[in-house]
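Novice: Contents of coords_17.txt (compact mmCIF, C-alpha atoms):
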# COMPACT_ATOMS: atom_id res chain seq x y z
CA MET N 1 -11.81 17.95 -28.08
CA ILE N 2 -8.25 16.72 -27.62
CA ARG N 3 -8.61 17.09 -23.84
CA TYR N 4 -11.72 14.88 -23.79
CA ILE N 5 -10.10 12.26 -26.04
CA ARG N 6 -7.13 12.18 -23.67
CA PHE N 7 -9.50 11.79 -20.73
CA VAL N 8 -11.17 8.76 -22.35
CA LEU N 9 -7.79 7.17 -23.08
CA ILE N 10 -6.67 7.56 -19.48
CA LEU N 11 -9.94 6.07 -18.23
CA SER N 12 -9.30 3.09 -20.51
CA LEU N 13 -5.83 2.73 -18.99
CA ALA N 14 -7.35 2.74 -15.53
CA ALA N 15 -9.85 0.04 -16.51
CA THR N 16 -7.02 -2.08 -17.93
CA ALA N 17 -5.04 -1.63 -14.74
CA LEU N 18 -8.10 -2.62 -12.71
CA GLY N 19 -8.40 -5.89 -14.60
CA ALA N 20 -4.70 -6.59 -14.25
CA ASN N 21 -4.76 -5.99 -10.51
CA ALA N 22 -7.80 -8.18 -10.02
CA GLN N 23 -5.83 -11.13 -11.42
CA SER N 24 -2.41 -10.28 -9.98
CA THR N 25 -0.22 -12.78 -8.17
CA ALA N 26 2.24 -12.24 -5.34
CA THR N 27 4.15 -8.99 -5.40
CA THR N 28 5.93 -9.50 -2.10
CA SER N 29 8.23 -12.18 -0.67
CA SER N 30 7.81 -11.96 3.08
CA PRO N 31 7.01 -14.85 5.45
CA TYR N 32 5.28 -12.25 7.66
CA SER N 33 2.67 -11.72 4.95
CA ARG N 34 1.06 -15.05 5.95
CA TYR N 35 -0.52 -13.38 8.99
CA GLY N 36 -3.81 -11.51 8.81
CA LEU N 37 -4.83 -10.66 5.23
CA GLY N 38 -1.28 -10.17 3.98
CA ASP N 39 1.11 -7.23 4.14
CA LEU N 40 -0.75 -3.92 4.24
CA SER N 41 0.18 -1.58 1.39
CA PRO N 42 0.72 2.08 2.38
CA THR N 43 -2.19 4.29 1.31
CA VAL N 44 0.08 7.12 0.14
CA LEU N 45 1.53 8.26 -3.17
CA PRO N 46 5.31 8.11 -3.83
CA GLN N 47 5.67 11.82 -2.99
CA GLN N 48 4.29 11.10 0.50
CA ALA N 49 6.17 7.80 0.81
CA ALA N 50 9.41 9.76 0.32
CA MET N 51 8.41 11.95 3.29
CA GLY N 52 8.15 9.03 5.68
CA GLY N 53 4.55 8.28 4.69
CA ILE N 54 2.98 11.38 6.28
CA GLY N 55 -0.45 12.36 4.98
CA ALA N 56 -3.08 13.07 7.63
CA ALA N 57 -2.32 16.82 7.56
CA ILE N 58 -1.08 17.17 3.94
CA ASN N 59 -3.05 18.77 1.10
CA LYS N 60 -1.55 21.10 -1.50
CA ILE N 61 2.25 21.49 -1.48
CA ASN N 62 3.87 24.55 -3.09
CA SER N 63 0.62 25.26 -5.00
CA TYR N 64 0.93 21.84 -6.68
CA ASN N 65 -2.08 19.50 -6.48
CA TYR N 66 -1.70 16.00 -5.03
CA ILE N 67 -4.19 13.21 -4.45
CA ASN N 68 -4.03 12.32 -0.78
CA PHE N 69 -6.36 9.35 -0.25
CA LEU N 70 -5.00 8.85 3.29
CA ASN N 71 -7.16 11.85 4.25
CA PRO N 72 -10.02 12.56 1.80
CA ALA N 73 -10.52 16.01 3.34
CA ALA N 74 -7.43 17.03 1.32
CA TYR N 75 -9.40 16.66 -1.93
CA SER N 76 -11.00 20.04 -1.17
CA SER N 77 -7.67 21.72 -2.07
CA ILE N 78 -7.64 20.31 -5.62
CA ASN N 79 -8.25 23.07 -8.18
CA TYR N 80 -6.69 21.41 -11.25
CA THR N 81 -7.52 18.06 -12.78
CA VAL N 82 -4.91 15.68 -11.36
CA ILE N 83 -3.79 12.35 -12.77
CA ASP N 84 -1.25 10.23 -10.91
CA ALA N 85 -0.01 6.80 -12.04
CA GLY N 86 2.97 4.86 -10.80
CA ILE N 87 4.97 1.67 -10.53
CA SER N 88 6.94 0.22 -7.64
CA SER N 89 9.56 -2.41 -6.95
CA ASN N 90 10.59 -4.29 -3.82
CA ILE N 91 13.93 -5.94 -3.06
CA ASN N 92 13.77 -8.04 0.10
CA THR N 93 16.59 -9.96 1.79
CA LEU N 94 15.58 -12.59 4.38
CA SER N 95 17.97 -13.62 7.14
CA LYS N 96 17.63 -16.43 9.67
CA SER N 97 20.10 -17.88 12.15
CA GLY N 98 21.76 -21.02 10.76
CA ALA N 99 20.56 -20.41 7.19
CA SER N 100 21.92 -18.55 4.19
CA ASN N 101 20.35 -15.25 3.17
CA GLN N 102 17.69 -15.19 0.48
CA THR N 103 17.01 -12.18 -1.75
CA ASN N 104 13.87 -11.71 -3.82
CA ALA N 105 12.61 -8.89 -6.02
CA SER N 106 9.18 -7.94 -7.33
CA PHE N 107 7.71 -5.30 -9.63
CA ARG N 108 4.15 -4.04 -10.10
CA LEU N 109 1.82 -1.23 -11.09
CA SER N 110 1.28 0.62 -7.82
CA HIS N 111 -1.66 2.96 -8.46
CA VAL N 112 -3.80 4.91 -10.87
CA ALA N 113 -5.64 7.89 -9.35
CA PHE N 114 -7.66 10.89 -10.57
CA GLY N 115 -8.71 14.13 -8.91
CA ILE N 116 -11.31 16.44 -10.51
CA PRO N 117 -12.40 19.79 -9.02
CA LEU N 118 -16.18 20.23 -8.88
CA SER N 119 -16.13 23.77 -7.51
CA LYS N 120 -13.69 26.20 -5.92
CA ARG N 121 -14.17 24.41 -2.60
CA SER N 122 -14.70 20.76 -3.51
CA ALA N 123 -13.31 17.94 -5.62
CA LEU N 124 -13.89 14.30 -6.52
CA SER N 125 -11.22 11.60 -6.57
CA PHE N 126 -11.26 7.99 -7.75
CA GLY N 127 -8.73 5.31 -8.58
CA LEU N 128 -7.21 1.94 -7.91
CA LEU N 129 -4.44 0.93 -5.50
CA PRO N 130 -3.25 -2.20 -3.70
CA TYR N 131 -4.68 -2.98 -0.25
CA THR N 132 -2.69 -6.05 0.86
CA GLU N 133 -0.06 -8.37 -0.64
CA LEU N 134 0.46 -12.05 0.09
CA GLY N 135 3.63 -13.81 -1.03
CA TYR N 136 5.96 -16.29 0.66
CA ASN N 137 7.67 -19.58 -0.09
CA TYR N 138 9.80 -21.44 2.42
CA ARG N 139 10.74 -24.95 3.52
CA GLN N 140 11.31 -26.67 6.85
CA SER N 141 13.14 -30.01 6.98
CA LYS N 142 13.09 -32.47 9.88
CA ALA N 143 15.09 -35.66 10.27
CA ASN N 144 13.70 -39.03 11.29
CA PHE N 145 10.26 -38.35 9.78
CA GLY N 146 9.97 -35.53 12.28
CA THR N 147 9.55 -38.01 15.14
CA GLY N 148 13.14 -37.89 16.45
CA MET N 149 13.23 -41.70 16.64
CA PRO N 150 16.45 -43.32 15.25
CA ALA N 151 14.41 -46.07 13.60
CA ASP N 152 12.91 -43.48 11.26
CA THR N 153 15.84 -42.79 8.92
CA ASN N 154 14.21 -40.59 6.29
CA ALA N 155 13.82 -36.82 6.40
CA VAL N 156 10.55 -35.05 5.79
CA ASN N 157 10.11 -31.65 4.15
CA TYR N 158 7.33 -29.22 4.98
CA LEU N 159 6.73 -26.66 2.21
CA TYR N 160 4.70 -23.48 2.77
CA SER N 161 3.68 -20.94 0.13
CA GLY N 162 1.26 -18.07 -0.29
CA ASP N 163 0.21 -16.02 -3.28
CA GLY N 164 -2.24 -13.24 -4.12
CA GLY N 165 -3.44 -9.97 -2.72
CA LEU N 166 -6.34 -7.57 -2.33
CA SER N 167 -6.94 -4.43 -4.40
CA LYS N 168 -8.89 -1.31 -3.50
CA ALA N 169 -11.00 0.69 -5.96
CA TYR N 170 -12.19 3.93 -4.37
CA ILE N 171 -14.21 7.06 -5.01
CA GLY N 172 -14.09 10.03 -2.66
CA TYR N 173 -15.25 13.59 -2.15
CA GLY N 174 -13.80 16.48 -0.14
CA VAL N 175 -15.21 19.94 0.57
CA ARG N 176 -13.91 23.05 2.35
CA ILE N 177 -16.27 24.68 4.83
CA GLY N 178 -15.36 28.29 5.45
CA ASN N 179 -11.74 29.26 4.90
CA HIS N 180 -9.95 26.82 7.19
CA PHE N 181 -11.93 23.61 7.76
CA SER N 182 -12.26 20.68 5.31
CA VAL N 183 -13.99 17.31 5.49
CA GLY N 184 -14.10 14.34 3.14
CA ALA N 185 -14.91 10.66 2.74
CA ASN N 186 -14.03 7.65 0.56
CA ALA N 187 -16.12 4.65 -0.38
CA SER N 188 -13.93 1.71 -1.41
CA TYR N 189 -14.52 -1.71 -2.92
CA ILE N 190 -11.91 -4.22 -1.72
CA PHE N 191 -11.53 -7.41 -3.77
CA GLY N 192 -9.06 -10.18 -4.56
CA ASN N 193 -7.92 -13.71 -3.79
CA LEU N 194 -5.57 -15.15 -1.18
CA LYS N 195 -4.17 -18.64 -1.74
CA GLU N 196 -2.01 -20.64 0.70
CA THR N 197 -0.62 -24.17 0.44
CA GLN N 198 1.09 -26.56 2.86
CA SER N 199 2.84 -29.64 1.44
CA THR N 200 4.48 -32.63 3.14
CA GLU N 201 7.11 -34.54 1.18
CA VAL N 202 9.46 -37.44 1.91
CA PRO N 203 12.05 -36.91 -0.85
CA ASN N 204 14.35 -39.90 -0.26
CA LEU N 205 11.80 -42.69 0.10
CA PHE N 206 10.80 -44.06 -3.30
CA GLY N 207 7.09 -44.50 -3.92
CA THR N 208 5.99 -42.29 -1.04
CA LEU N 209 2.71 -40.50 -1.60
CA ASN N 210 3.09 -36.83 -0.67
CA SER N 211 0.21 -34.65 0.49
CA ARG N 212 -0.83 -31.04 0.01
CA VAL N 213 -3.43 -28.80 1.64
CA GLU N 214 -4.54 -25.86 -0.51
CA GLU N 215 -6.73 -23.14 0.94
CA SER N 216 -8.10 -20.21 -1.11
CA ASN N 217 -10.18 -17.24 -0.03
CA SER N 218 -12.12 -15.09 -2.48
CA ILE N 219 -12.76 -11.74 -0.78
CA HIS N 220 -14.84 -8.69 -1.65
CA GLY N 221 -16.76 -5.94 0.08
CA LEU N 222 -17.12 -2.26 0.89
CA ASN N 223 -14.99 -0.16 3.21
CA TYR N 224 -15.24 3.51 4.16
CA ASP N 225 -12.76 6.25 5.14
CA TYR N 226 -13.40 9.75 6.41
CA GLY N 227 -11.26 12.66 7.49
CA ALA N 228 -10.98 16.30 8.47
CA GLN N 229 -8.32 19.02 8.30
CA TYR N 230 -8.05 22.44 9.93
CA SER N 231 -5.57 25.06 8.73
CA PHE N 232 -4.16 28.00 10.67
CA ASP N 233 -2.86 30.57 8.18
CA PHE N 234 -0.20 32.79 9.74
CA SER N 235 0.29 34.55 6.40
CA ALA N 236 -0.41 33.97 2.73
CA ARG N 237 2.51 31.50 2.60
CA LYS N 238 2.77 30.04 6.10
CA HIS N 239 0.27 27.38 7.22
CA LEU N 240 -0.11 25.06 10.19
CA VAL N 241 -2.44 22.13 9.45
CA PHE N 242 -3.95 19.57 11.82
CA GLY N 243 -5.53 16.45 10.36
CA TYR N 244 -7.42 13.33 11.36
CA SER N 245 -8.65 10.43 9.26
CA ALA N 246 -9.96 6.96 9.94
CA SER N 247 -10.90 3.74 8.20
CA THR N 248 -14.15 2.35 9.54
CA SER N 249 -14.66 -1.06 11.08
CA SER N 250 -16.51 -2.78 8.24
CA LYS N 251 -17.32 -6.28 7.01
CA LEU N 252 -16.08 -8.02 3.87
CA THR N 253 -17.44 -11.22 2.37
CA THR N 254 -15.16 -14.24 1.95
CA GLN N 255 -15.66 -17.71 0.52
CA ASN N 256 -13.17 -20.41 1.41
CA SER N 257 -12.13 -23.30 -0.86
CA TYR N 258 -10.30 -26.21 0.78
CA VAL N 259 -8.56 -28.98 -1.21
CA VAL N 260 -6.45 -31.87 0.13
CA SER N 261 -4.62 -33.81 -2.59
CA SER N 262 -1.85 -36.40 -2.93
CA TYR N 263 0.97 -36.61 -5.48
CA PHE N 264 4.27 -38.35 -6.28
CA THR N 265 7.67 -36.76 -6.87
CA GLU N 266 10.43 -38.27 -8.98
CA ASN N 267 13.97 -36.87 -9.22
CA GLY N 268 12.75 -33.69 -7.54
CA ASP N 269 9.97 -33.16 -10.11
CA GLU N 270 6.37 -33.12 -9.01
CA GLY N 271 3.84 -35.22 -10.88
CA VAL N 272 0.14 -34.52 -11.32
CA ALA N 273 -2.15 -34.99 -8.35
CA THR N 274 -3.20 -38.64 -8.02
CA ASP N 275 -6.26 -38.00 -5.90
CA SER N 276 -8.25 -35.26 -4.18
CA LEU N 277 -8.98 -36.50 -0.70
CA VAL N 278 -11.04 -33.43 0.18
CA ASN N 279 -12.53 -30.84 -2.16
CA ARG N 280 -14.80 -28.48 -0.28
CA LYS N 281 -16.20 -25.00 -0.81
CA ASP N 282 -17.55 -23.43 2.35
CA ALA N 283 -20.51 -21.10 2.66
CA LYS N 284 -19.84 -17.38 2.47
CA ALA N 285 -18.63 -15.82 5.70
CA LYS N 286 -17.65 -12.38 7.00
CA ILE N 287 -14.31 -10.70 7.65
CA ASN N 288 -14.45 -8.01 10.33
CA LEU N 289 -11.95 -5.28 9.42
CA PRO N 290 -10.56 -3.16 12.27
CA GLN N 291 -10.84 0.58 12.67
CA ILE N 292 -7.63 2.51 11.94
CA HIS N 293 -6.98 6.08 13.15
CA HIS N 294 -4.49 8.60 11.72
CA PHE N 295 -3.50 11.84 13.47
CA GLY N 296 -1.23 14.39 11.82
CA VAL N 297 0.27 17.86 11.94
CA SER N 298 2.26 19.76 9.31
CA TYR N 299 3.81 23.19 8.89
CA GLN N 300 4.39 24.61 5.43
CA TYR N 301 6.17 27.67 4.12
CA ASP N 302 4.91 27.77 0.53
CA GLY N 303 7.69 27.55 -2.01
CA LYS N 304 10.30 26.74 0.64
CA TYR N 305 9.68 23.74 2.88
CA LEU N 306 7.18 21.47 4.59
CA ILE N 307 7.60 19.33 7.69
CA GLY N 308 5.07 17.03 9.31
CA ALA N 309 4.39 14.07 11.57
CA ASP N 310 1.72 11.34 11.75
CA TYR N 311 0.68 8.90 14.44
CA SER N 312 -1.52 5.92 13.53
CA ILE N 313 -3.31 3.31 15.62
CA GLY N 314 -4.78 0.14 14.10
CA ASN N 315 -7.16 -1.98 16.17
CA TRP N 316 -5.98 -5.21 14.54
CA SER N 317 -6.81 -7.31 17.58
CA ASP N 318 -10.41 -7.03 16.30
CA LEU N 319 -9.66 -8.72 12.94
CA SER N 320 -11.63 -11.93 12.55
CA VAL N 321 -12.42 -14.23 9.63
CA ALA N 322 -15.57 -16.38 9.71
CA GLY N 323 -15.93 -15.62 13.41
CA VAL N 324 -12.36 -16.68 14.24
CA ASN N 325 -10.06 -14.01 15.66
CA LYS N 326 -6.72 -13.93 13.78
CA GLY N 327 -4.66 -13.37 16.93
CA LEU N 328 -3.10 -10.06 15.94
CA GLN N 329 -2.24 -7.15 18.21
CA ASN N 330 -2.96 -3.44 17.84
CA SER N 331 -0.42 -1.55 15.76
CA LYS N 332 1.23 1.83 16.41
CA THR N 333 3.09 3.78 13.73
CA PHE N 334 5.07 7.05 13.85
CA ASN N 335 5.90 8.87 10.60
CA VAL N 336 8.05 12.00 10.41
CA GLY N 337 9.14 13.71 7.20
CA GLY N 338 9.30 16.77 5.04
CA GLN N 339 10.28 18.45 1.82
CA ILE N 340 12.66 21.27 0.86
CA THR N 341 12.54 23.22 -2.40
CA PRO N 342 15.51 25.63 -2.70
CA ASN N 343 13.84 27.99 -5.21
CA MET N 344 10.75 26.81 -7.04
CA ASN N 345 10.77 29.91 -9.31
CA SER N 346 14.41 29.70 -10.39
CA LEU N 347 14.92 30.15 -14.13
CA SER N 348 18.65 29.40 -14.32
CA ASN N 349 19.08 26.49 -11.91
CA TYR N 350 16.92 23.40 -12.49
CA PHE N 351 18.07 21.66 -9.31
CA ALA N 352 16.85 24.62 -7.26
CA ARG N 353 13.31 23.81 -8.49
CA VAL N 354 13.55 20.13 -7.50
CA ASP N 355 11.69 18.93 -4.38
CA TYR N 356 14.00 17.09 -1.96
CA ARG N 357 12.07 14.78 0.37
CA PHE N 358 13.09 12.79 3.44
CA GLY N 359 11.56 10.93 6.37
CA VAL N 360 11.70 8.15 8.97
CA ILE N 361 9.23 5.47 10.09
CA TYR N 362 8.84 3.51 13.32
CA ASP N 363 6.20 0.79 13.19
CA GLN N 364 5.15 -1.54 15.99
CA THR N 365 3.31 -3.89 13.67
CA TYR N 366 0.26 -5.99 14.45
CA LEU N 367 2.45 -9.12 14.52
CA TYR N 368 3.34 -10.90 17.76
CA VAL N 369 5.16 -14.10 16.82
CA ASN N 370 7.00 -16.53 19.11
CA ASN N 371 6.42 -14.19 22.07
CA THR N 372 8.11 -11.37 20.15
CA ASN N 373 6.83 -8.01 18.91
CA ILE N 374 7.68 -7.61 15.23
CA LYS N 375 8.86 -4.03 14.64
CA ARG N 376 9.81 -2.11 11.51
CA TYR N 377 12.26 0.76 11.13
CA ALA N 378 12.78 2.68 7.89
CA ALA N 379 14.35 5.77 6.37
CA THR N 380 12.99 7.38 3.20
CA PHE N 381 14.24 9.76 0.54
CA GLY N 382 12.86 11.08 -2.72
CA LEU N 383 12.82 13.71 -5.43
CA GLY N 384 10.10 15.66 -7.20
CA LEU N 385 11.38 16.45 -10.68
CA PRO N 386 9.39 19.19 -12.47
CA LEU N 387 9.01 18.96 -16.23
CA PRO N 388 8.56 21.93 -18.60
CA ARG N 389 5.12 23.51 -18.46
CA ASN N 390 2.80 22.99 -21.44
CA ASN N 391 0.18 25.73 -21.69
CA THR N 392 -2.10 25.08 -18.68
CA ALA N 393 -0.47 21.74 -17.77
CA PHE N 394 2.15 21.06 -15.09
CA TYR N 395 4.02 17.77 -14.92
CA LYS N 396 6.19 16.20 -12.27
CA ILE N 397 8.07 12.91 -11.94
CA ASN N 398 8.25 11.61 -8.38
CA LEU N 399 10.95 9.20 -7.19
CA ALA N 400 10.95 7.61 -3.74
CA ALA N 401 13.12 5.05 -1.95
CA GLU N 402 12.57 3.38 1.41
CA TYR N 403 15.23 1.35 3.17
CA GLY N 404 14.07 -0.55 6.21
CA LYS N 405 14.29 -3.55 8.48
CA ARG N 406 11.55 -5.70 9.96
CA GLY N 407 11.69 -8.60 12.38
CA THR N 408 14.54 -10.08 14.40
CA LEU N 409 16.88 -13.09 14.45
CA THR N 410 15.94 -14.05 18.02
CA ASN N 411 13.48 -16.82 18.92
CA GLY N 412 13.95 -18.54 15.54
CA LEU N 413 12.40 -15.62 13.61
CA VAL N 414 13.26 -14.04 10.28
CA LYS N 415 14.80 -10.60 9.83
CA GLU N 416 14.03 -8.67 6.66
CA SER N 417 16.15 -5.95 5.07
CA TYR N 418 14.26 -4.32 2.24
CA ILE N 419 14.36 -1.54 -0.31
CA ASN N 420 11.11 -0.20 -1.77
CA LEU N 421 11.41 1.90 -4.92
CA HIS N 422 8.57 4.04 -6.32
CA LEU N 423 8.15 6.01 -9.52
CA SER N 424 5.09 8.06 -10.44
CA PHE N 425 4.02 10.62 -13.00
CA THR N 426 1.76 13.47 -11.87
CA LEU N 427 -0.20 15.79 -14.14
CA ASN N 428 -1.96 19.02 -13.14
CA ASP N 429 -4.09 20.48 -15.92
CA LEU N 430 -7.15 22.67 -16.52
CA TRP N 431 -9.86 20.47 -18.02
CA PHE N 432 -13.57 20.98 -18.65
CA VAL N 433 -13.10 24.75 -18.99
CA LYS N 434 -15.09 26.72 -21.55
CA TYR N 435 -12.86 29.34 -23.08
CA LYS N 436 -14.30 32.74 -23.96
CA TYR N 437 -13.25 34.79 -26.97
CA ASP N 438 -13.85 38.51 -27.46
Using structure tokens, write down the structure from this file.
Specialist:
Amino acid sequence: MIRYIRFVLILSLAATALGANAQSTATTSSPYSRYGLGDLSPTVLPQQAAMGGIGAAINKINSYNYINFLNPAAYSSINYTVIDAGISSNINTLSKSGASNQTNASFRLSHVAFGIPLSKRSALSFGLLPYTELGYNYRQSKANFGTGMPADTNAVNYLYSGDGGLSKAYIGYGVRIGNHFSVGANASYIFGNLKETQSTEVPNLFGTLNSRVEESNSIHGLNYDYGAQYSFDFSARKHLVFGYSASTSSKLTTQNSYVVSSYFTENGDEGVATDSLVNRKDAKAKINLPQIHHFGVSYQYDGKYLIGADYSIGNWSDLSVAGVNKGLQNSKTFNVGGQITPNMNSLSNYFARVDYRFGVIYDQTYLYVNNTNIKRYAATFGLGLPLPRNNTAFYKINLAAEYGKRGTLTNGLVKESYINLHLSFTLNDLWFVKYKYD
């Protein structure tokens, strides 16, 4: 009975998290998030993020169950009930030629996920995780009303901001066919709001009426993922796994709200809007999501080490909103990483049972700004800290850190130096088992 009560409590936590995410505001501070639908959130757990984000060919590691929603075929390896919940933080420093650096930090619930075995060869998974994040706030100032004419003596400020994000609630199923081949699929509901504003202010001219354009998009719809894995078992402990997964090209529904208003400022403080010049809500339209492919390979020596690599291609040049192409380019990402466990069965040395994770990332993003490819480079590190076993339950705390750079200082662009920190708690336990007594 206690197990079922605990299950209900955790489901309640997930529902609470779902409501919180649906109303969340910006959890990033990047000017590059204004392109597309915002910054894409990695679809991996902290234990995979610490290994450079690999996942296409990852399933069970050292006999410990993980939820790998990057490739739903991996669900077929789940033989314990798995619960994984985590938080994350981002520290981002923005640099631009001729301007002082700006550092911002954010904090959020990162995911809540469940995995439940249905048979010895299949399992179900469901949960909630972020899909994209939108968050930026910057100012551009121009002298002479922006005209360059000496007769215009006042400066004008252009203020840009964005806020919001999309969340992804998913349910998936994976099954093993034979002894080596697994397939799986996810059905996901993507939802959220993206809000962007552009303001024009003349701060030093008394009585000037400033203007603001506010554009909001309410987005929702279904998306699907599928995947497959094939394992070559050289022995009971040595495995070579090949994996492939993809996110389908699907359509989301969006409804745009467009408001143009005017307002006064006094001593730097903004007053209430004096008038709404335009207040329009457009008819519902479609967002065409691109197809994304993930290819991976991993080699594991159970109880000792794992090493793997992923290659991903995103057809982001196909992204369009209400029939308008967003002008992105196709992305290419390389992920390499692994894990070492000195001695997972050690009784006298705790640190020998710890998982030590590492990885690197090279990402040619979908952004092409000012005739420049925006690239990202990152190094990752993390720990898997086992906790004492409790009857049939196994616990682990996962820590991950990613240090990276994105963008460049050339062509008037912004360079980002960031640190992403992740913390998650993973439970493996035997639930829904009828015990027999002699």
Novice: Neighbours of N:Ile83 within 7 Å (only C-alpha atoms; same-chain residues fewer than 6 positions away dropped), as a ChimeraX atom specification?
Specialist: /N:113-115,426-428
Novice: For N:Phe425, which residue out of N:Ala143, N:Ile292, N:Ala393, N:Leu385 is the nearest one, using only C-alpha atoms?
Specialist: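 Closest candidate: N:Leu385.
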Novice: Give the answer as one residue: which of N:Ile340, N:Leu277, N:Val175, N:Ala352 has the shortest atom-to-atom distance to N:Tyr75, using all atoms listed in the file?
Specialist: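 Once distances to N:Tyr75 are computed over all atoms listed in the file, the minimum belongs to N:Val175.
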Novice: List the neighbours of stretch 224-241 of chain N out to 7 Å using only C-alpha atoms; skip same-chain residues closer than 6 positions along the sequence, and give me the result as a ChimeraX atom specification.
Specialist: /N:57,71-73,180-188,247-248,297-302
Novice: Pull C-alpha atoms from the residues just selected and write them as a tab-separated table (two decimals), in the coordinates of the input.
Specialist:
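So the final result, stored in again35.tsv, reads:
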chain	number	residue	atom	x	y	z
N	57	ALA	CA	-2.32	16.82	7.56
N	71	ASN	CA	-7.16	11.85	4.25
N	72	PRO	CA	-10.02	12.56	1.80
N	73	ALA	CA	-10.52	16.01	3.34
N	180	HIS	CA	-9.95	26.82	7.19
N	181	PHE	CA	-11.93	23.61	7.76
N	182	SER	CA	-12.26	20.68	5.31
N	183	VAL	CA	-13.99	17.31	5.49
N	184	GLY	CA	-14.10	14.34	3.14
N	185	ALA	CA	-14.91	10.66	2.74
N	186	ASN	CA	-14.03	7.65	0.56
N	187	ALA	CA	-16.12	4.65	-0.38
N	188	SER	CA	-13.93	1.71	-1.41
N	247	SER	CA	-10.90	3.74	8.20
N	248	THR	CA	-14.15	2.35	9.54
N	297	VAL	CA	0.27	17.86	11.94
N	298	SER	CA	2.26	19.76	9.31
N	299	TYR	CA	3.81	23.19	8.89
N	300	GLN	CA	4.39	24.61	5.43
N	301	TYR	CA	6.17	27.67	4.12
N	302	ASP	CA	4.91	27.77	0.53
Novice: Please list as an MDAnalysis selection string every residue within 12 Å of N:Ser89, counting all atoms listed in the file and excluding residues in the same chain fewer than 3 positions away.
Specialist: chainID N and resid 27:29 46 86 92 104:110 399:402 418:424
Novice: Excluding N:Val360 and its own-chain neighbours fewer than 6 positions away, which residues fall within 10 Å of it when counting all atoms listed in the file? Please give them as a list of chain:residue names.
Specialist: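 Result of the neighbour search: N:Ala49, N:Ala50, N:Met51, N:Gly52, N:Gly53, N:Ile54, N:Ala309, N:Phe334, N:Asn335, N:Val336, N:Gly337, N:Gly338, N:Tyr377, N:Ala378, N:Ala379, N:Thr380, N:Phe381, N:Glu402, N:Tyr403, N:Gly404.
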Novice: May I ask for the distance between atom CA of N:Thr410 and atom CA of N:Leu94, given in Å to one decimal place?
Specialist: 13.7 Å
Novice: Expressed in Å to a single decimal, how great is the separation between atom CA of N:His294 and atom CA of N:Gln329?
Specialist: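 According to the coordinates, atom CA of N:His294 and atom CA of N:Gln329 are separated by 17.2 Å.
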Novice: Using all atoms listed in the file, find the one residue out of N:Arg357, N:Arg212, N:Lys284, N:Lys60 that sits nearest to N:Gly382.
Specialist: N:Arg357
Novice: Using all atoms listed in the file, which of N:Thr392, N:Gly164, N:Leu40, N:Leu252 sits nearest N:Ser331?
Specialist: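 Ranked by minimum distance to N:Ser331, first place goes to N:Leu40.
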Novice: From the options N:Ser30, N:Asn315, N:Ser320, N:Ser250, which residue's atoms come nearest to N:Gly221, counting only C-alpha atoms?
Specialist: N:Ser250
Novice: Taking all atoms of stretch 61-74 of chain N that the file lists, what box with edges along x, y and z, padded by 3 Å per side, do you get, with centre and edge lengths in Å to one decimal, as AutoDock Vina command-line options?
Specialist:
--center_x -3.3 --center_y 17.1 --center_z -1.2 --size_x 20.4 --size_y 22.4 --size_z 16.9
Novice: Which of these residues is nearest to N:Ser167, using only C-alpha atoms: N:Asn154, N:Ser417, N:Asn256, N:Asn223?
Specialist: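 Residue with the minimum atom-to-atom distance to N:Ser167: N:Asn223.
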Novice: Neighbours of N:Pro342 within 12 Å (only C-alpha atoms; same-chain residues fewer than 3 positions away dropped), as a list in words?
Specialist: Asn62, Tyr301, Asp302, Gly303, Lys304, Tyr305, Leu306, Gln339, Asn345, Ser346, Asn349, Tyr350, Phe351, Ala352, Arg353, Val354, Asp355, Tyr356 and Arg357 of chain N
Novice: Could you tell me how far atom CA of N:Ser97 lies from atom CA of N:Glu214, in Å and to one decimal?
Specialist: 28.8 Å
